[in-house]
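The block underneath contains the structure these notes are about, expressed in structure tokens.
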Amino acid sequence: MSAVSDLPVRRDAQVVAGAAAVLRANDTGVMVRAAPHLYPHQWSWDAAFVSVGLAHLDPGRACAELDHLFTGQWRTGMLPHIVFDPAETDYFPGPDRWGCAEVTDDAPVAPRTSGICQPPVHALAVERIVALAERRSAAAGARVRAWLPGAYRRLLAWHRYLVRERDPLRTGLLTIHHGWESGMDNSPRWDEPYSRVAVLPDLPPYRRRDTRVVRDAAQRPTRLEYDRYLSGVEELRRAGYDDARIRATGGFLVTDVLASAVFAAASEALAGIARSLGAGEVAELEEHAERFRAGVADSVDAGLGLALDTDLRTGAPLRAETVAGFAPLLCGGLGTATEREMVALLRSERWTGHPGLRHAVLPSTSPASPAFHPRAYWRGPTWPVVDWFVVWMLERRGRADVAGPLRRAVLDELAEGSFAEYHEPFTGEPLGSAAQSWTAAAALDLLLG
């Protein structure tokens with residue numbers, strides 16, 4: 001092989017080595033920090049993604065990562081969006097601000113957690129860990145299979161919580177109570193509902209951590225946005241994190257098409273796990289998958305060609321051009337012609353075909369949208385973990401034809417080696433937190449999967 005043709009091989013090996021080093025450096029021994037400085041705790045969907053990366057290095061460690069997350073599971077079945085490391089006391093908002101165990105018996109006393117959740121990607125991660133372990137060796141596969149029944153019971157409780165409390169009207173769409181539950185904190189998806197969230201006059205004072213770690217304030221949510229986020233936290237706390245009370249009185253109440261698509265795919269994965277274990281809930285889980293697949297498909301707006309969230313306080317669709325609008329491609333359910341049109345939109349100049357992009361990956365917000373900002377968190381930057389997840393779900397659905405170009409583009413982005421949280425879409429500049437664990441996990445799975 002010539003020196004020139006050997007370059008991609010050497011590049012990929014360097015990325016794999018660097019990604020493994022990030023995960024090892026961020027590992028506390030019981031959990032992998034989402035990022036060493038900005039996010040020093042365990043985040044819910046981060047942990048699921050990180051466990052997939054870990055499965056390429058050590059399947060047992062991948063299982064342990066999820067086990068630690070499950071120690072924070074609430075009595076209701078909810079998986080909280082943060083499980084706090086008691087050794088890290090400088091993060092804001094920390095466990096005292098959430099005060100979960102102080103206001104509800106549903107929350108664990110230890111470990112301390114937040115009072116909201118994140119997209120339910122966990123069954124998909126478990127499905128992937130099982131496959132990777134079995135591919136690794138018979139012994140690794142047997143160890144993960146022995147772990148699987150306990151994980152299944154916890155996942156089933158999580159899924160049943162979401163069906164019971166986040167879709168009580170059986171619409172096939174999950175409701176979220178805070179923008180942080182979407183994982184896309186300051187996305188234009190939430191501008192309208194947040195515009196009606198009043199900042200509490202007695203909001204306790206605070207000092208942000210994120211703007212101390214990321215010095216460029218333009219990359220982070222604004223002070224007003226943060227005031228509204230914390231007013232939302234305070235409102236949830238005063239409601240005792242009771243889902244029924246929040247549905248009745250909460251200021252922020254929206255459907256989340258991306259979380260709903262994730263739930264459809266994850267329910268399908270969990271049904272497969274149930275079948276492999278001989279569990280009796282297969283039909284229940286398959287019904288969840290079908291209902292949410294249909295709910296997401298019915299959310300597509302004919303004008304924008306994207307699935308839209310809905311503000312449940314007004315009944316109005318939230319007309320934002322964000323990556324979440326491609327949710328149906330993750331779970332299926334569209335007719336052939338509608339899916340073809342959505343794929344064409346994904347490839348168009350509004351999205352991955354935009355001529356100014358450094359790499360043909362999905363920006364978090366369309367560059368053609370008035371809400372687009374290339375440096376502002378979920379308002380424009382590209383996120384390697386999102387592109388990887390889209391690739392993973394497309395390939396899982398048998399759409400390698402759509403996934404292939406996106407896979408190559410995100411690998412080119414990752415080859416630049418920063419493992420950053422997100423990137424400026426036109427220049428490729430790494431932004432946000434460095435050494436982000438889920439970015440490293442994405443790199444490992446793309447290159448070793």
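Chain labels run A, B, ... following the order of the structure tokens; each chain numbers its residues from 1, and ligands are numbered from 1 in the order shown.
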Per residue of stretch 135-222 of chain A within 10 Å of stretch 264-269 of chain A, note the shortest atom pair and the distance in Å to one decimal, counting only C-alpha atoms, and order the rows by chain and increasing residue number, as a Markdown table.
| residue | atom | partner | partner_atom | distance |
| --- | --- | --- | --- | --- |
| A:Leu155 | CA | A:Ser267 | CA | 9.7 |
| A:Leu156 | CA | A:Ser267 | CA | 9.2 |
| A:His159 | CA | A:Ser267 | CA | 7.6 |
| A:Gly172 | CA | A:Ala264 | CA | 8.7 |
| A:Leu173 | CA | A:Ala264 | CA | 9.5 |
Just write the chosen residues, C-alpha atoms, as a PDB file, in the first residue's frame.
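File written: out-v4.pdb
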ATOM      1  CA  LEU A 155     -35.988  -0.359  30.949  1.00  0.00           C
ATOM      2  CA  LEU A 156     -39.537  -1.681  31.048  1.00  0.00           C
ATOM      3  CA  HIS A 159     -40.908   2.893  29.145  1.00  0.00           C
ATOM      4  CA  GLY A 172     -48.275   8.723  20.214  1.00  0.00           C
ATOM      5  CA  LEU A 173     -46.317  11.826  21.194  1.00  0.00           C
TER       6      LEU A 173
END
Which of stretch 294-413 of chain A counts as helix (DSSP H, G or I) under DSSP, as a ChimeraX atom specification please?
-> /A:294-297,323-326,328-331,336-347,377-379,384-396,400-413
To one decimal place, how far is atom CA of A:Asp210 from atom CA of A:Pro40 in Å?
-> 11.4 Å
At a cut-off of 6 Å, using only C-alpha atoms, what residues contact stretch 435-447 of chain A? Leave out same-chain residues fewer than 3 positions from it and give the result as a compact mmCIF listing (two decimals) with N, CA and C atoms, in the first residue's frame.
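The file below, part14.txt, is the result:
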# COMPACT_ATOMS: atom_id res chain seq x y z
N VAL A 16 -9.51 6.56 16.57
CA VAL A 16 -9.92 5.51 17.51
C VAL A 16 -9.12 5.61 18.80
N ALA A 19 -10.21 8.71 20.73
CA ALA A 19 -11.54 8.56 21.32
C ALA A 19 -11.49 7.66 22.55
N VAL A 22 -10.14 9.60 25.43
CA VAL A 22 -11.11 10.52 26.02
C VAL A 22 -12.01 9.78 27.01
N LEU A 23 -12.54 8.63 26.61
CA LEU A 23 -13.43 7.89 27.50
C LEU A 23 -12.69 7.43 28.76
N ALA A 34 -19.72 13.32 31.41
CA ALA A 34 -20.10 13.75 30.07
C ALA A 34 -18.99 14.57 29.42
N ALA A 35 -18.32 15.40 30.21
CA ALA A 35 -17.14 16.16 29.77
C ALA A 35 -16.38 16.53 31.04
N ASP A 46 -26.48 10.95 27.37
CA ASP A 46 -25.03 10.82 27.21
C ASP A 46 -24.56 9.43 27.64
N PHE A 49 -25.30 6.74 25.11
CA PHE A 49 -24.39 6.82 23.97
C PHE A 49 -22.97 6.40 24.36
N VAL A 50 -22.53 6.86 25.52
CA VAL A 50 -21.19 6.51 26.00
C VAL A 50 -21.07 4.99 26.16
N GLY A 53 -20.03 3.37 22.99
CA GLY A 53 -18.60 3.50 22.76
C GLY A 53 -17.81 2.57 23.65
N VAL A 385 -22.49 13.84 17.57
CA VAL A 385 -23.31 12.78 18.18
C VAL A 385 -24.68 12.69 17.51
N TRP A 388 -24.17 10.96 14.09
CA TRP A 388 -23.95 9.53 14.33
C TRP A 388 -25.27 8.83 14.65
N PHE A 419 -12.81 16.03 19.20
CA PHE A 419 -13.85 15.42 20.04
C PHE A 419 -14.64 16.50 20.78
N ALA A 420 -14.89 17.60 20.06
CA ALA A 420 -15.62 18.73 20.64
C ALA A 420 -17.10 18.39 20.77
N GLU A 421 -17.76 19.15 21.62
CA GLU A 421 -19.19 19.01 21.83
C GLU A 421 -19.95 19.31 20.54
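Comparing the minimum interatomic distances between A:Asp58 and each of A:Gly141, A:Gly356, A:Gly77, A:Gly183, counting only C-alpha atoms, we find that A:Gly141 sits nearest.
The nearest approach to A:Arg154 among the residues A:His122, A:Arg128, A:Arg135, A:Arg196, with only C-alpha atoms taken into account, belongs to A:His122.
Between A:Leu411 and the residues A:Leu448, A:Leu270, A:Arg396, A:Arg97, the shortest atom-to-atom distance, using only C-alpha atoms, involves A:Leu448.
Considering the residues A:Ser114, A:Thr352, A:Thr89, A:Thr338 and counting only C-alpha atoms, A:Ala307 has its shortest atom-to-atom contact with A:Thr338.
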